[in-house]
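Visitor: I'd like to ask some things about the structure below.
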Amino acid sequence: MEETRKEQPAIRVFSTPSCPYCVNLKQYLDEKGFKYEDIDVAEDEKAREEMISKSKQMGVPVAEINGEIVVGFDKAKIDQLLGIKE
Amino acid sequence: MYDLIIIGGGPAAITAGIYAARKKIKVLLLTKNWGGQMAWAPEIDNYTGISNVKGLDLVNRMVAHLKENDLEIKEGVEVKKVSLKKDSSLEVRTGEEVYQSRTLIMATGRTPKKINAAGEEKFLGKGISYCAVCDAPLYADRVVAVIGGGNTGINTALEAAKYAARVYILGYQPKSSADQYLQIKAESNPKITFYHNILTHEFKGDNFVSAVVYEDKNTGEKKELAATGVFIAIGSIPNSSLVKNMVELNEKKEIKIDCQNASSVKNIFAAGDVTDVSHKQIIVATGEGAKAALNAYNYLNQMKGE
């Protein structure tokens, strides 16, 4: 049983259009009904620099969930931060 | 107890899932992500019926096709252990769950090979990547080095060149082993320079990679190439470790299968690039996936004595 969601968590996803793991992450968030800011670091250089400095690395995807950084499609950590139960 | 568990999310696994589901047996497919190496291909132009398609688009089409069928799917899960029980059924463990099955199809594909040069681990994700379609845009306007002069290397360099200022291919062989068609594409790209007969020694930098130290095997001279983006594209290794103590592998650690995709253990089948199939192609993997599912189904029927 999914918990009732108090208010929508602040989720920002840094990704590139052709990255398969980025698509997996966004599809997962869509399936679970979460809204997120979709930031294309292929186009947005400023956002690219922000992602690199915040995550201290250059790989995509990077998710920022209520200020916490998740590198890659780390399902376990995302489930924990968003209170998703299988 | 399932009739069949399929491990994997690439073209072989997906096709096996479709064929098995259509036989109305109890099927579970477990995968960490979708597409396998196919998801990393910028462009695919040898998949019959679709003359040119992005790897990711083909993945999405295959996954959608699979999900129209009646089977159980667990995504985002990693299989930790497979074991054969006394009654010769199979036990498959993920981080949280344990599943039992009469048969198994290993369709776990391959993983990019590491070059094991100094600094490779340190700078992974910090300027070093194995996936050009993922990370090439992040190296926009940079000097990029691609380690590997075969098909994978050239495809990677062509993808990187869409964004980078310059791309240097460091090929180990005296002469590239890539398809002629790809070599011509690389040579005619003004951003790409191709070095041959190169031994990559080390990746240097502070927080992020900034240079590649290599040896020119023609002269024995050690040189340093300034590069703030590196792709390692020297081929791949089979993901057979889950069953390496249960089934026979060849010297390349690929699962040895017969023409019915059975391994040396009769209720463990395998399909696609993890096997010793002669050619690792998407279209071959889909065919192998179908064959593995149909033969697993035959095995189940024989067991029931039908």
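We name chains A, B, ... following the order of the structure tokens; residues begin at 1 in each chain, and ligands are numbered from 1 as shown.
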Excluding same-chain residues fewer than 3 positions from stretch 183-195 of chain B, what lies within 9 Å of it counting only C-alpha atoms, as an NGL selection string?

Guide: :B and (149-151 or 154-155 or 157-158 or 161 or 164-172 or 176-180 or 198 or 216)

Visitor: Counting only C-alpha atoms, collect the residues of chain B whose closest atom lies at most 8 Å from chain A, and write them out as a list in words.

Guide: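 Close to chain A, chain B has Asn33, Trp34, Ala39, Trp40, Pro42, Leu56, Gly76, Gly125, Lys126, Gly127, Ser129, Val133, Cys134, Asp135, Pro137, Leu138, Ala140 and Phe208 of chain B.
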
Visitor: Using only C-alpha atoms, find the one residue out of B:Asn301, B:Thr156, B:Asn218, B:Gln281 that sits nearest to B:Asn267.

Guide: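 Counting only C-alpha atoms, the residue closest to B:Asn267 is B:Asn301.
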
Visitor: What are the DSSP strand (DSSP E or B) residues of stretch 69-139 of chain B, as JSON, numbers by chain?

Guide: {"B": [72, 73, 74, 75, 79, 80, 81, 82, 83, 84, 90, 91, 92, 93, 94, 98, 99, 100, 101, 102, 103, 104, 105, 106, 110, 111, 112, 118, 124, 128, 129]}

Visitor: Please return, as a PyMOL selection string, all residues of stretch 1-106 of chain B that DSSP assigns to alpha helix (DSSP H) on the basis of the backbone.

Guide: chain B and resi 11-22+55-67

Visitor: Restricting the output to C-alpha atoms, write the selected residues as a PDB file, in the first residue's frame.

Guide:
```pdb
ATOM      1  CA  PRO B  11      16.996  -8.042 -27.080  1.00  0.00           C
ATOM      2  CA  ALA B  12      17.504 -11.736 -26.243  1.00  0.00           C
ATOM      3  CA  ALA B  13      15.734 -11.532 -22.879  1.00  0.00           C
ATOM      4  CA  ILE B  14      12.879  -9.400 -24.203  1.00  0.00           C
ATOM      5  CA  THR B  15      12.227 -11.721 -27.148  1.00  0.00           C
ATOM      6  CA  ALA B  16      12.417 -14.776 -24.887  1.00  0.00           C
ATOM      7  CA  GLY B  17       9.841 -13.096 -22.652  1.00  0.00           C
ATOM      8  CA  ILE B  18       7.454 -12.462 -25.537  1.00  0.00           C
ATOM      9  CA  TYR B  19       7.737 -16.041 -26.857  1.00  0.00           C
ATOM     10  CA  ALA B  20       7.443 -17.614 -23.425  1.00  0.00           C
ATOM     11  CA  ALA B  21       4.419 -15.506 -22.447  1.00  0.00           C
ATOM     12  CA  ARG B  22       2.658 -16.528 -25.636  1.00  0.00           C
ATOM     13  CA  GLY B  55      19.474   2.373 -29.945  1.00  0.00           C
ATOM     14  CA  LEU B  56      17.283   3.865 -27.233  1.00  0.00           C
ATOM     15  CA  ASP B  57      14.259   4.073 -29.538  1.00  0.00           C
ATOM     16  CA  LEU B  58      14.601   0.407 -30.474  1.00  0.00           C
ATOM     17  CA  VAL B  59      14.886  -0.485 -26.781  1.00  0.00           C
ATOM     18  CA  ASN B  60      11.669   1.405 -25.989  1.00  0.00           C
ATOM     19  CA  ARG B  61       9.835  -0.266 -28.865  1.00  0.00           C
ATOM     20  CA  MET B  62      10.948  -3.730 -27.709  1.00  0.00           C
ATOM     21  CA  VAL B  63      10.035  -3.064 -24.069  1.00  0.00           C
ATOM     22  CA  ALA B  64       6.591  -1.762 -25.044  1.00  0.00           C
ATOM     23  CA  HIS B  65       6.064  -4.888 -27.156  1.00  0.00           C
ATOM     24  CA  LEU B  66       7.083  -7.086 -24.205  1.00  0.00           C
ATOM     25  CA  LYS B  67       4.761  -5.309 -21.790  1.00  0.00           C
TER      26      LYS B  67
END
```

Visitor: At what distance in Å, to one decimal, does atom CA of B:Leu30 lie from atom CA of B:Ser89?

Guide: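 According to the coordinates, atom CA of B:Ser89 and atom CA of B:Leu30 are separated by 17.4 Å.
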